[in-house]
>>> print(open('my_file26.cif').read())   # mmCIF, C-alpha atoms
data_data
loop_
_atom_site.group_PDB
_atom_site.id
_atom_site.type_symbol
_atom_site.label_atom_id
_atom_site.label_comp_id
_atom_site.auth_asym_id
_atom_site.auth_seq_id
_atom_site.Cartn_x
_atom_site.Cartn_y
_atom_site.Cartn_z
ATOM 1 C CA MET A 1 -12.669 6.378 1.797
ATOM 2 C CA SER A 2 -13.672 4.123 -1.064
ATOM 3 C CA LEU A 3 -13.867 5.856 -4.430
ATOM 4 C CA SER A 4 -17.386 4.532 -4.931
ATOM 5 C CA THR A 5 -18.610 6.385 -1.796
ATOM 6 C CA ALA A 6 -16.747 9.645 -2.458
ATOM 7 C CA ARG A 7 -18.832 12.750 -3.170
ATOM 8 C CA PRO A 8 -17.990 16.412 -3.861
ATOM 9 C CA LEU A 9 -19.671 17.955 -0.766
ATOM 10 C CA VAL A 10 -19.965 16.989 2.912
ATOM 11 C CA THR A 11 -22.533 18.367 5.377
ATOM 12 C CA VAL A 12 -21.427 20.059 8.616
ATOM 13 C CA HIS A 13 -23.489 18.701 11.546
ATOM 14 C CA PHE A 14 -24.145 19.442 15.266
ATOM 15 C CA ASP A 15 -25.458 23.021 15.248
ATOM 16 C CA LYS A 16 -29.210 22.944 14.691
ATOM 17 C CA SER A 17 -29.633 26.703 15.249
ATOM 18 C CA GLU A 18 -27.868 27.515 11.975
ATOM 19 C CA SER A 19 -28.858 26.540 8.457
ATOM 20 C CA PRO A 20 -27.178 23.396 7.062
ATOM 21 C CA LYS A 21 -23.719 24.031 5.636
ATOM 22 C CA THR A 22 -21.659 22.020 3.169
ATOM 23 C CA ILE A 23 -17.921 21.967 2.509
ATOM 24 C CA SER A 24 -15.907 20.332 -0.243
ATOM 25 C CA LEU A 25 -14.400 16.883 0.267
ATOM 26 C CA PRO A 26 -10.555 16.991 0.502
ATOM 27 C CA ALA A 27 -8.638 15.220 -2.231
ATOM 28 C CA ILE A 28 -6.965 12.829 0.212
ATOM 29 C CA PHE A 29 -10.328 11.131 0.832
ATOM 30 C CA LYS A 30 -10.427 10.175 -2.849
ATOM 31 C CA ALA A 31 -7.023 8.458 -2.706
ATOM 32 C CA PRO A 32 -7.187 4.645 -2.907
ATOM 33 C CA ILE A 33 -7.108 2.701 0.354
ATOM 34 C CA ARG A 34 -3.985 0.550 0.808
ATOM 35 C CA PRO A 35 -4.404 -1.683 3.881
ATOM 36 C CA ASP A 36 -1.064 -3.392 3.175
ATOM 37 C CA VAL A 37 0.822 -0.072 3.316
ATOM 38 C CA VAL A 38 -1.036 1.008 6.465
ATOM 39 C CA ASN A 39 -0.231 -2.276 8.186
ATOM 40 C CA PHE A 40 3.470 -2.093 7.255
ATOM 41 C CA ILE A 41 3.910 1.539 8.386
ATOM 42 C CA HIS A 42 2.012 0.855 11.612
ATOM 43 C CA GLN A 43 4.393 -1.999 12.357
ATOM 44 C CA GLN A 44 7.437 0.204 11.748
ATOM 45 C CA VAL A 45 6.129 3.157 13.782
ATOM 46 C CA SER A 46 5.148 0.950 16.716
ATOM 47 C CA MET A 47 8.775 -0.209 16.972
ATOM 48 C CA ASN A 48 9.618 3.212 18.468
ATOM 49 C CA HIS A 49 8.033 2.004 21.730
ATOM 50 C CA ARG A 50 10.555 -0.790 22.166
ATOM 51 C CA GLN A 51 12.747 -0.769 25.267
ATOM 52 C CA PRO A 52 16.127 -2.468 25.648
ATOM 53 C CA TYR A 53 16.186 -5.659 27.658
ATOM 54 C CA ALA A 54 18.680 -8.383 28.452
ATOM 55 C CA VAL A 55 18.931 -11.661 30.319
ATOM 56 C CA SER A 56 20.417 -11.519 33.797
ATOM 57 C CA LYS A 57 23.873 -13.052 34.015
ATOM 58 C CA GLU A 58 22.718 -15.002 37.100
ATOM 59 C CA ALA A 59 19.659 -16.451 35.372
ATOM 60 C CA GLY A 60 19.248 -20.171 36.006
ATOM 61 C CA HIS A 61 21.598 -20.273 39.013
ATOM 62 C CA GLN A 62 19.287 -19.123 41.825
ATOM 63 C CA THR A 63 17.723 -22.480 42.743
ATOM 64 C CA SER A 64 18.786 -26.052 43.393
ATOM 65 C CA ALA A 65 15.548 -27.588 42.078
ATOM 66 C CA GLU A 66 15.752 -29.844 39.063
ATOM 67 C CA SER A 67 13.844 -29.307 35.857
ATOM 68 C CA TRP A 68 10.414 -30.911 35.655
ATOM 69 C CA GLY A 69 11.013 -31.762 32.005
ATOM 70 C CA THR A 70 9.343 -30.846 28.765
ATOM 71 C CA GLY A 71 6.248 -32.181 27.041
ATOM 72 C CA ARG A 72 3.650 -30.906 29.522
ATOM 73 C CA ALA A 73 2.302 -27.991 27.526
ATOM 74 C CA VAL A 74 -1.484 -27.768 27.139
ATOM 75 C CA ALA A 75 -2.808 -26.439 23.848
ATOM 76 C CA ARG A 76 -5.919 -24.243 23.867
ATOM 77 C CA ILE A 77 -8.086 -23.076 20.981
ATOM 78 C CA PRO A 78 -7.773 -19.245 20.716
ATOM 79 C CA ARG A 79 -11.020 -17.407 21.251
ATOM 80 C CA VAL A 80 -11.645 -14.745 18.587
ATOM 81 C CA ARG A 81 -13.769 -11.815 19.666
ATOM 82 C CA GLY A 82 -16.013 -9.840 17.348
ATOM 83 C CA GLY A 83 -15.065 -6.307 16.354
ATOM 84 C CA GLY A 84 -16.344 -3.155 14.740
ATOM 85 C CA HIS A 85 -17.983 0.148 15.628
ATOM 86 C CA LEU A 86 -21.657 0.668 16.486
ATOM 87 C CA VAL A 87 -22.324 3.574 14.143
ATOM 88 C CA GLN A 88 -25.503 2.539 12.361
ATOM 89 C CA GLU A 89 -27.334 5.770 13.295
ATOM 90 C CA VAL A 90 -24.505 8.210 12.508
ATOM 91 C CA PRO A 91 -25.893 10.661 9.931
ATOM 92 C CA GLU A 92 -22.951 10.712 7.501
ATOM 93 C CA PHE A 93 -19.422 9.527 6.821
ATOM 94 C CA PRO A 94 -17.022 11.236 7.040
ATOM 95 C CA LEU A 95 -18.702 12.953 10.003
ATOM 96 C CA VAL A 96 -17.862 16.681 10.079
ATOM 97 C CA VAL A 97 -19.154 18.830 12.946
ATOM 98 C CA SER A 98 -19.196 22.528 13.699
ATOM 99 C CA ASP A 99 -16.177 24.276 15.236
ATOM 100 C CA LYS A 100 -18.263 24.987 18.337
ATOM 101 C CA VAL A 101 -17.251 21.503 19.502
ATOM 102 C CA GLN A 102 -13.685 22.768 19.949
ATOM 103 C CA GLY A 103 -14.918 25.148 22.671
ATOM 104 C CA LEU A 104 -16.566 22.513 24.860
ATOM 105 C CA GLN A 105 -15.272 22.710 28.445
ATOM 106 C CA LYS A 106 -17.282 20.163 30.442
ATOM 107 C CA THR A 107 -17.547 16.401 30.118
ATOM 108 C CA LYS A 108 -21.349 16.569 30.317
ATOM 109 C CA GLU A 109 -21.304 18.871 27.267
ATOM 110 C CA ALA A 110 -19.130 16.353 25.418
ATOM 111 C CA VAL A 111 -21.518 13.528 26.354
ATOM 112 C CA ALA A 112 -24.475 15.566 25.096
ATOM 113 C CA PHE A 113 -22.640 16.156 21.816
ATOM 114 C CA LEU A 114 -21.909 12.433 21.331
ATOM 115 C CA ARG A 115 -25.557 11.617 21.989
ATOM 116 C CA GLN A 116 -26.630 14.249 19.481
ATOM 117 C CA VAL A 117 -24.515 12.818 16.644
ATOM 118 C CA LYS A 118 -25.656 9.251 17.505
ATOM 119 C CA ALA A 119 -22.168 8.150 18.582
ATOM 120 C CA TRP A 120 -22.997 7.272 22.193
ATOM 121 C CA SER A 121 -23.731 3.640 21.337
ATOM 122 C CA ASP A 122 -20.070 3.289 20.389
ATOM 123 C CA ILE A 123 -19.093 4.583 23.852
ATOM 124 C CA LYS A 124 -21.423 2.091 25.552
ATOM 125 C CA LYS A 125 -19.699 -0.667 23.589
ATOM 126 C CA VAL A 126 -16.357 0.487 25.046
ATOM 127 C CA VAL A 127 -17.722 0.546 28.611
ATOM 128 C CA GLN A 128 -19.105 -2.969 28.272
ATOM 129 C CA SER A 129 -15.735 -4.222 26.987
ATOM 130 C CA GLN A 130 -13.709 -3.085 30.015
ATOM 131 C CA ARG A 131 -12.043 -6.061 31.685
ATOM 132 C CA LEU A 132 -8.829 -7.218 33.334
ATOM 133 C CA ARG A 133 -5.974 -8.072 31.056
ATOM 134 C CA ALA A 134 -5.086 -11.746 30.739
ATOM 135 C CA GLY A 135 -1.493 -12.617 31.537
ATOM 136 C CA VAL A 136 1.480 -11.047 33.266
ATOM 137 C CA GLY A 137 0.633 -7.557 31.968
ATOM 138 C CA LYS A 138 -1.561 -7.073 35.047
ATOM 139 C CA MET A 139 1.629 -6.744 37.100
ATOM 140 C CA ARG A 140 3.218 -4.295 34.660
ATOM 141 C CA ASN A 141 0.855 -1.330 35.030
ATOM 142 C CA ARG A 142 -1.430 -2.568 32.262
ATOM 143 C CA ARG A 143 -4.222 -4.130 34.339
ATOM 144 C CA HIS A 144 -7.258 -2.922 32.408
ATOM 145 C CA VAL A 145 -8.032 -3.192 28.694
ATOM 146 C CA GLN A 146 -10.941 -1.924 26.622
ATOM 147 C CA ARG A 147 -12.048 -1.439 23.048
ATOM 148 C CA ARG A 148 -11.392 1.655 20.958
ATOM 149 C CA GLY A 149 -13.996 4.390 20.652
ATOM 150 C CA PRO A 150 -14.279 7.354 18.259
ATOM 151 C CA LEU A 151 -11.322 9.576 17.422
ATOM 152 C CA ILE A 152 -11.973 13.337 17.380
ATOM 153 C CA ILE A 153 -9.643 15.442 15.228
ATOM 154 C CA TYR A 154 -9.697 19.191 15.873
ATOM 155 C CA GLY A 155 -8.046 22.297 14.453
ATOM 156 C CA ASN A 156 -7.729 24.477 17.572
ATOM 157 C CA ASP A 157 -7.943 23.310 21.180
ATOM 158 C CA GLY A 158 -10.414 25.557 22.975
ATOM 159 C CA GLY A 159 -11.012 23.018 25.732
ATOM 160 C CA ILE A 160 -11.962 19.987 23.634
ATOM 161 C CA SER A 161 -9.058 17.890 24.918
ATOM 162 C CA ARG A 162 -10.193 18.370 28.543
ATOM 163 C CA ALA A 163 -13.862 17.816 27.790
ATOM 164 C CA PHE A 164 -13.347 14.413 26.151
ATOM 165 C CA ARG A 165 -10.384 13.024 28.095
ATOM 166 C CA ASN A 166 -12.503 11.308 30.787
ATOM 167 C CA ILE A 167 -14.851 9.543 28.354
ATOM 168 C CA PRO A 168 -13.710 5.909 27.920
ATOM 169 C CA GLY A 169 -12.391 4.964 24.502
ATOM 170 C CA VAL A 170 -12.382 8.495 23.056
ATOM 171 C CA ASP A 171 -9.126 9.977 21.736
ATOM 172 C CA VAL A 172 -8.548 13.554 20.585
ATOM 173 C CA MET A 173 -5.809 14.660 18.207
ATOM 174 C CA ASN A 174 -4.718 17.806 16.420
ATOM 175 C CA VAL A 175 -4.975 17.691 12.646
ATOM 176 C CA LYS A 176 -1.341 18.833 12.296
ATOM 177 C CA ASN A 177 -0.069 16.021 14.552
ATOM 178 C CA LEU A 178 -1.816 12.975 13.125
ATOM 179 C CA ASN A 179 -0.590 9.655 14.502
ATOM 180 C CA LEU A 180 -1.091 6.424 12.585
ATOM 181 C CA LEU A 181 -1.136 4.420 15.822
ATOM 182 C CA LYS A 182 -4.413 6.158 16.715
ATOM 183 C CA LEU A 183 -5.792 6.534 13.195
ATOM 184 C CA ALA A 184 -5.466 2.807 12.491
ATOM 185 C CA PRO A 185 -5.128 0.891 15.796
ATOM 186 C CA GLY A 186 -3.485 -2.462 15.303
ATOM 187 C CA GLY A 187 -2.695 -1.559 11.691
ATOM 188 C CA HIS A 188 -6.363 -1.903 10.663
ATOM 189 C CA VAL A 189 -8.086 0.911 8.779
ATOM 190 C CA GLY A 190 -11.666 1.884 9.570
ATOM 191 C CA ARG A 191 -11.679 3.727 12.908
ATOM 192 C CA PHE A 192 -14.678 5.996 13.510
ATOM 193 C CA ILE A 193 -13.327 9.563 13.169
ATOM 194 C CA ILE A 194 -15.190 12.793 13.969
ATOM 195 C CA TRP A 195 -13.740 15.851 12.221
ATOM 196 C CA THR A 196 -14.231 19.455 13.198
ATOM 197 C CA GLU A 197 -14.879 21.861 10.349
ATOM 198 C CA SER A 198 -11.560 23.723 10.673
ATOM 199 C CA ALA A 199 -9.572 20.467 10.801
ATOM 200 C CA PHE A 200 -11.390 19.108 7.760
ATOM 201 C CA GLU A 201 -10.650 22.262 5.750
ATOM 202 C CA GLN A 202 -6.914 22.067 6.548
ATOM 203 C CA LEU A 203 -6.414 18.655 4.930
ATOM 204 C CA ASP A 204 -5.879 20.012 1.409
ATOM 205 C CA ALA A 205 -3.295 22.471 2.734
ATOM 206 C CA LEU A 206 -1.556 19.707 4.692
ATOM 207 C CA TRP A 207 -1.478 16.945 2.071
ATOM 208 C CA GLY A 208 -2.105 18.830 -1.161
ATOM 209 C CA THR A 209 -3.959 17.466 -4.161
ATOM 210 C CA TRP A 210 -2.986 15.788 -7.420
ATOM 211 C CA ARG A 211 -2.709 19.223 -9.067
ATOM 212 C CA LYS A 212 -1.492 21.379 -6.189
ATOM 213 C CA GLU A 213 1.417 20.886 -3.800
ATOM 214 C CA SER A 214 1.047 20.873 -0.031
ATOM 215 C CA GLU A 215 1.394 24.224 1.719
ATOM 216 C CA GLU A 216 2.810 22.658 4.900
ATOM 217 C CA LYS A 217 5.123 20.001 3.420
ATOM 218 C CA LYS A 218 7.663 21.278 0.942
ATOM 219 C CA GLY A 219 7.445 19.654 -2.502
ATOM 220 C CA TYR A 220 4.781 17.115 -1.518
ATOM 221 C CA ASN A 221 1.534 16.308 -3.260
ATOM 222 C CA LEU A 222 -0.682 13.262 -3.412
ATOM 223 C CA PRO A 223 0.916 10.420 -5.422
ATOM 224 C CA MET A 224 -0.947 9.447 -8.565
ATOM 225 C CA PRO A 225 -2.286 5.891 -8.055
ATOM 226 C CA LYS A 226 -1.947 3.150 -10.649
ATOM 227 C CA MET A 227 -5.533 2.061 -9.985
ATOM 228 C CA ALA A 228 -8.487 4.365 -9.448
ATOM 229 C CA ASN A 229 -10.156 1.750 -7.241
ATOM 230 C CA THR A 230 -7.894 -0.678 -5.362
ATOM 231 C CA ASP A 231 -10.694 -2.987 -4.222
ATOM 232 C CA LEU A 232 -9.545 -5.670 -6.656
ATOM 233 C CA ALA A 233 -11.545 -8.527 -5.131
ATOM 234 C CA ARG A 234 -14.771 -6.575 -5.458
ATOM 235 C CA LEU A 235 -13.952 -5.589 -9.031
ATOM 236 C CA LEU A 236 -13.291 -9.153 -10.148
ATOM 237 C CA LYS A 237 -16.581 -10.335 -8.645
ATOM 238 C CA SER A 238 -18.669 -7.597 -10.266
ATOM 239 C CA ASP A 239 -21.054 -8.575 -13.067
ATOM 240 C CA GLU A 240 -19.614 -5.977 -15.462
ATOM 241 C CA ILE A 241 -16.129 -7.500 -15.290
ATOM 242 C CA ARG A 242 -17.302 -11.121 -15.381
ATOM 243 C CA LYS A 243 -19.189 -10.540 -18.626
ATOM 244 C CA VAL A 244 -16.009 -9.704 -20.551
ATOM 245 C CA LEU A 245 -13.650 -12.176 -18.857
ATOM 246 C CA ARG A 246 -12.824 -15.559 -20.382
ATOM 247 C CA ALA A 247 -14.390 -18.518 -18.625
ATOM 248 C CA PRO A 248 -11.962 -20.467 -16.420
ATOM 249 C CA LYS A 249 -10.382 -23.573 -17.905
ATOM 250 C CA ARG A 250 -11.354 -26.693 -15.991
ATOM 251 C CA ARG A 251 -9.155 -29.146 -17.928
ATOM 252 C CA VAL A 252 -6.399 -30.555 -15.754
ATOM 253 C CA ILE A 253 -2.990 -30.741 -17.430
ATOM 254 C CA ARG A 254 -0.906 -33.422 -15.784
ATOM 255 C CA LYS A 255 2.856 -33.434 -15.997
ATOM 256 C CA VAL A 256 4.308 -36.342 -17.988
ATOM 257 C CA LYS A 257 6.976 -38.323 -16.206
ATOM 258 C CA LYS A 258 10.198 -38.494 -18.187
ATOM 259 C CA LEU A 259 11.519 -42.074 -18.585
ATOM 260 C CA ASN A 260 14.977 -43.215 -19.621
ATOM 261 C CA PRO A 261 14.726 -45.086 -22.988
ATOM 262 C CA LEU A 262 17.941 -47.019 -22.224
ATOM 263 C CA LYS A 263 16.229 -48.612 -19.216
ATOM 264 C CA ASN A 264 12.616 -48.654 -20.396
ATOM 265 C CA THR A 265 11.926 -50.853 -23.468
ATOM 266 C CA ARG A 266 8.476 -49.378 -24.140
ATOM 267 C CA VAL A 267 9.856 -45.852 -24.395
ATOM 268 C CA MET A 268 12.762 -47.058 -26.569
ATOM 269 C CA LEU A 269 10.342 -48.684 -29.042
ATOM 270 C CA LYS A 270 8.508 -45.373 -29.404
ATOM 271 C CA LEU A 271 11.744 -43.660 -30.305
ATOM 272 C CA ASN A 272 13.260 -46.505 -32.359
ATOM 273 C CA PRO A 273 10.933 -49.360 -33.473
ATOM 274 C CA TYR A 274 13.918 -51.244 -34.961
ATOM 275 C CA ALA A 275 15.357 -51.620 -31.456
ATOM 276 C CA ALA A 276 13.146 -54.724 -30.967
ATOM 277 C CA VAL A 277 14.801 -56.463 -33.962
ATOM 278 C CA THR A 278 18.252 -55.556 -32.714
ATOM 279 C CA LYS A 279 17.503 -56.740 -29.200
ATOM 280 C CA ARG A 280 16.018 -60.022 -30.450
ATOM 281 C CA ALA A 281 19.055 -60.678 -32.640
ATOM 282 C CA ALA A 282 21.369 -60.038 -29.699
ATOM 283 C CA ILE A 283 19.444 -62.531 -27.545
ATOM 284 C CA LEU A 284 19.578 -65.248 -30.256
ATOM 285 C CA LYS A 285 23.265 -64.712 -30.812
ATOM 286 C CA LYS A 286 23.956 -64.995 -27.104
ATOM 287 C CA SER A 287 21.965 -68.233 -26.873
ATOM 288 C CA ARG A 288 23.868 -69.805 -29.810
ATOM 289 C CA VAL A 289 27.175 -68.953 -28.201
ATOM 290 C CA ALA A 290 26.017 -70.522 -24.961
ATOM 291 C CA LYS A 291 25.061 -73.812 -26.724
ATOM 292 C CA LYS A 292 28.512 -74.208 -28.263
#
>>> encode(input="my_file26.cif", output="structure tokens")
Amino acid sequence: MSLSTARPLVTVHFDKSESPKTISLPAIFKAPIRPDVVNFIHQQVSMNHRQPYAVSKEAGHQTSAESWGTGRAVARIPRVRGGGHLVQEVPEFPLVVSDKVQGLQKTKEAVAFLRQVKAWSDIKKVVQSQRLRAGVGKMRNRRHVQRRGPLIIYGNDGGISRAFRNIPGVDVMNVKNLNLLKLAPGGHVGRFIIWTESAFEQLDALWGTWRKESEEKKGYNLPMPKMANTDLARLLKSDEIRKVLRAPKRRVIRKVKKLNPLKNTRVMLKLNPYAAVTKRAAILKKSRVAKK
């Protein structure tokens, strides 16, 4: 979460029968966002899915046909699809819901819950994105692809994993087994996450704070950041910073080409004006010798 949007208390949603409840925001939500670190760690963790492969020793010897030759490739312009979650009507971020969600048993109850917290539009986006995969992956048990939906993080599984498992795009995960591959798919931060109250309250015990060590990880607490707000591009463009910064210099400084004075008369005359007299005397002397 950005430091500018952080706040001390978060409202617990979903149960309208009870009075509104607030809980404190864990310290890890106030830590600066580092997309470069997330992208690097995601790349390293995803390497665990690699499988060994090798070229067959008989490759290239199964046919008597001759090569058709090179130079027949056809270049295409890549089509870039739009992205993002449809969460305009979600009441609050981070979205924390009551622990009663952990006891849901039926899919229809899970659908009713998603409609109640205004997250169903994100599910409809996933359904509309379902399509066949392009390429050879269709023959490798990866025929269908779809967008990512919300991620639900719970504290105790009272049936929540079964209730949500048949809803397209939705993933569920225990707060003590967080996986970066699901938290930031593709190495990009910003997935829509729904927290249960018990999972949200365990974050300080799991990751600690800047003043208190973690209760689950020995000797670990949140690292103190060098910058309170890492959104450097936004800071430099703000009016408060621009008022105190020096105006950019528009003057272009061109590099001077270095010339050899022994080969360039004009440069030699700048260094030694008497060189013209010496050179003229040498020319006259040479001409007199030639006349004799």
>>> closest_residue(input="my_file26.cif", among="A:Lys226, A:Lys100, A:Lys270, A:Lys106", to="A:Ser161", atoms="all atoms listed in the file")
A:Lys106
>>> resolve_selection(input="my_file26.cif", expression="the PyMOL selection byres ((chain A and resi 167-170) around 12)", output="compact mmCIF listing (two decimals) with C-alpha atoms, keeping the file's coordinate frame")
# COMPACT_ATOMS: atom_id res chain seq x y z
CA HIS A 85 -17.98 0.15 15.63
CA LYS A 106 -17.28 20.16 30.44
CA THR A 107 -17.55 16.40 30.12
CA LYS A 108 -21.35 16.57 30.32
CA GLU A 109 -21.30 18.87 27.27
CA ALA A 110 -19.13 16.35 25.42
CA VAL A 111 -21.52 13.53 26.35
CA ALA A 112 -24.48 15.57 25.10
CA LEU A 114 -21.91 12.43 21.33
CA ALA A 119 -22.17 8.15 18.58
CA TRP A 120 -23.00 7.27 22.19
CA SER A 121 -23.73 3.64 21.34
CA ASP A 122 -20.07 3.29 20.39
CA ILE A 123 -19.09 4.58 23.85
CA LYS A 124 -21.42 2.09 25.55
CA LYS A 125 -19.70 -0.67 23.59
CA VAL A 126 -16.36 0.49 25.05
CA VAL A 127 -17.72 0.55 28.61
CA GLN A 128 -19.10 -2.97 28.27
CA SER A 129 -15.74 -4.22 26.99
CA GLN A 130 -13.71 -3.08 30.02
CA HIS A 144 -7.26 -2.92 32.41
CA VAL A 145 -8.03 -3.19 28.69
CA GLN A 146 -10.94 -1.92 26.62
CA ARG A 147 -12.05 -1.44 23.05
CA ARG A 148 -11.39 1.66 20.96
CA GLY A 149 -14.00 4.39 20.65
CA PRO A 150 -14.28 7.35 18.26
CA LEU A 151 -11.32 9.58 17.42
CA ILE A 152 -11.97 13.34 17.38
CA ILE A 153 -9.64 15.44 15.23
CA ILE A 160 -11.96 19.99 23.63
CA SER A 161 -9.06 17.89 24.92
CA ARG A 162 -10.19 18.37 28.54
CA ALA A 163 -13.86 17.82 27.79
CA PHE A 164 -13.35 14.41 26.15
CA ARG A 165 -10.38 13.02 28.10
CA ASN A 166 -12.50 11.31 30.79
CA ASP A 171 -9.13 9.98 21.74
CA VAL A 172 -8.55 13.55 20.58
CA MET A 173 -5.81 14.66 18.21
CA LYS A 182 -4.41 6.16 16.72
CA ARG A 191 -11.68 3.73 12.91
CA PHE A 192 -14.68 6.00 13.51
CA ILE A 193 -13.33 9.56 13.17
CA ILE A 194 -15.19 12.79 13.97
>>> atom_distance(input="my_file26.cif", atom1="atom CA of A:Val289", atom2="atom CA of A:Ala275")
21.2 Å
>>> residues_around(input="my_file26.cif", residues="A:Val97", least_positions_apart="5", cutoff="12 Å", atoms="only C-alpha atoms", output="compact mmCIF listing (two decimals) with C-alpha atoms, keeping the file's coordinate frame")
# COMPACT_ATOMS: atom_id res chain seq x y z
CA VAL A 10 -19.96 16.99 2.91
CA THR A 11 -22.53 18.37 5.38
CA VAL A 12 -21.43 20.06 8.62
CA HIS A 13 -23.49 18.70 11.55
CA PHE A 14 -24.14 19.44 15.27
CA ASP A 15 -25.46 23.02 15.25
CA LYS A 16 -29.21 22.94 14.69
CA PRO A 20 -27.18 23.40 7.06
CA LYS A 21 -23.72 24.03 5.64
CA THR A 22 -21.66 22.02 3.17
CA ILE A 23 -17.92 21.97 2.51
CA VAL A 90 -24.50 8.21 12.51
CA PRO A 91 -25.89 10.66 9.93
CA GLU A 92 -22.95 10.71 7.50
CA GLN A 102 -13.68 22.77 19.95
CA PHE A 113 -22.64 16.16 21.82
CA LEU A 114 -21.91 12.43 21.33
CA GLN A 116 -26.63 14.25 19.48
CA VAL A 117 -24.52 12.82 16.64
CA ILE A 152 -11.97 13.34 17.38
CA ILE A 153 -9.64 15.44 15.23
CA TYR A 154 -9.70 19.19 15.87
CA GLY A 155 -8.05 22.30 14.45
CA ILE A 193 -13.33 9.56 13.17
CA ILE A 194 -15.19 12.79 13.97
CA TRP A 195 -13.74 15.85 12.22
CA THR A 196 -14.23 19.45 13.20
CA GLU A 197 -14.88 21.86 10.35
CA SER A 198 -11.56 23.72 10.67
CA ALA A 199 -9.57 20.47 10.80
CA PHE A 200 -11.39 19.11 7.76
CA GLU A 201 -10.65 22.26 5.75
>>> residues_around(input="my_file26.cif", residues="A:Leu25", least_positions_apart="4", cutoff="7 Å", atoms="all atoms listed in the file", output="count of residues only")
4
>>> atom_distance(input="my_file26.cif", atom1="atom CA of A:Ser19", atom2="atom CA of A:Asp99")
14.6 Å
>>> atom_distance(input="my_file26.cif", atom1="atom CA of A:Leu178", atom2="atom CA of A:Leu222")
16.6 Å
>>> closest_residue(input="my_file26.cif", among="A:Lys249, A:Val38, A:Met268, A:Leu86", to="A:Asn179", atoms="all atoms listed in the file")
A:Val38
>>> resolve_selection(input="my_file26.cif", expression="the PyMOL selection byres ((chain A and resi 208-218) around 12)", output="ChimeraX atom specification")
/A:25-31,176,201-207,219-225
>>> closest_residue(input="my_file26.cif", among="A:Val252, A:Met227, A:Val189, A:Ala281", to="A:Asp36", atoms="only C-alpha atoms")
A:Val189
>>> closest_residue(input="my_file26.cif", among="A:Ala134, A:Ala290, A:Val55, A:Ala184", to="A:Phe40", atoms="all atoms listed in the file")
A:Ala184
>>> axis_aligned_box(input="my_file26.cif", around="stretch 215-232 of chain A", padding_each_side="5 Å", output="JSON")
{"center_x": -1.5, "center_y": 9.3, "center_z": -2.9, "size_x": 28.4, "size_y": 39.9, "size_z": 25.5}
>>> residues_around(input="my_file26.cif", residues="stretch 256-261 of chain A", least_positions_apart="2", cutoff="12 Å", atoms="all atoms listed in the file", output="ChimeraX atom specification")
/A:253-254,263-273,275
>>> write_last_selection(input="my_file26.cif", atoms="C-alpha atoms", output="PDB file, in the frame of the given file")
ATOM      1  CA  ILE A 253      -2.990 -30.741 -17.430  1.00  0.00           C
ATOM      2  CA  ARG A 254      -0.906 -33.422 -15.784  1.00  0.00           C
ATOM      3  CA  LYS A 263      16.229 -48.612 -19.216  1.00  0.00           C
ATOM      4  CA  ASN A 264      12.616 -48.654 -20.396  1.00  0.00           C
ATOM      5  CA  THR A 265      11.926 -50.853 -23.468  1.00  0.00           C
ATOM      6  CA  ARG A 266       8.476 -49.378 -24.140  1.00  0.00           C
ATOM      7  CA  VAL A 267       9.856 -45.852 -24.395  1.00  0.00           C
ATOM      8  CA  MET A 268      12.762 -47.058 -26.569  1.00  0.00           C
ATOM      9  CA  LEU A 269      10.342 -48.684 -29.042  1.00  0.00           C
ATOM     10  CA  LYS A 270       8.508 -45.373 -29.404  1.00  0.00           C
ATOM     11  CA  LEU A 271      11.744 -43.660 -30.305  1.00  0.00           C
ATOM     12  CA  ASN A 272      13.260 -46.505 -32.359  1.00  0.00           C
ATOM     13  CA  PRO A 273      10.933 -49.360 -33.473  1.00  0.00           C
ATOM     14  CA  ALA A 275      15.357 -51.620 -31.456  1.00  0.00           C
TER      15      ALA A 275
END
>>> closest_residue(input="my_file26.cif", among="A:Asn174, A:Ser46, A:Asn156, A:Ser238", to="A:Gly103", atoms="only C-alpha atoms")
A:Asn156
>>> build_atoms(input="my_file26.cif", residues="stretch 281-288 of chain A", atoms="N, CA and C atoms", output="PDB file, in the frame of the given file")
ATOM      1  N   ALA A 281      17.868 -60.080 -32.008  1.00  0.00           N
ATOM      2  CA  ALA A 281      19.055 -60.678 -32.640  1.00  0.00           C
ATOM      3  C   ALA A 281      20.175 -60.881 -31.633  1.00  0.00           C
ATOM      4  N   ALA A 282      20.320 -59.904 -30.710  1.00  0.00           N
ATOM      5  CA  ALA A 282      21.369 -60.038 -29.699  1.00  0.00           C
ATOM      6  C   ALA A 282      21.086 -61.197 -28.758  1.00  0.00           C
ATOM      7  N   ILE A 283      19.808 -61.418 -28.437  1.00  0.00           N
ATOM      8  CA  ILE A 283      19.444 -62.531 -27.545  1.00  0.00           C
ATOM      9  C   ILE A 283      19.711 -63.881 -28.224  1.00  0.00           C
ATOM     10  N   LEU A 284      19.351 -63.997 -29.532  1.00  0.00           N
ATOM     11  CA  LEU A 284      19.578 -65.248 -30.256  1.00  0.00           C
ATOM     12  C   LEU A 284      21.065 -65.547 -30.399  1.00  0.00           C
ATOM     13  N   LYS A 285      21.826 -64.524 -30.671  1.00  0.00           N
ATOM     14  CA  LYS A 285      23.265 -64.712 -30.812  1.00  0.00           C
ATOM     15  C   LYS A 285      23.887 -65.174 -29.502  1.00  0.00           C
ATOM     16  N   LYS A 286      23.427 -64.618 -28.412  1.00  0.00           N
ATOM     17  CA  LYS A 286      23.956 -64.995 -27.104  1.00  0.00           C
ATOM     18  C   LYS A 286      23.597 -66.444 -26.759  1.00  0.00           C
ATOM     19  N   SER A 287      22.381 -66.842 -27.165  1.00  0.00           N
ATOM     20  CA  SER A 287      21.965 -68.233 -26.873  1.00  0.00           C
ATOM     21  C   SER A 287      22.755 -69.241 -27.707  1.00  0.00           C
ATOM     22  N   ARG A 288      23.079 -68.900 -28.967  1.00  0.00           N
ATOM     23  CA  ARG A 288      23.868 -69.805 -29.810  1.00  0.00           C
ATOM     24  C   ARG A 288      25.277 -69.961 -29.257  1.00  0.00           C
TER      25      ARG A 288
END
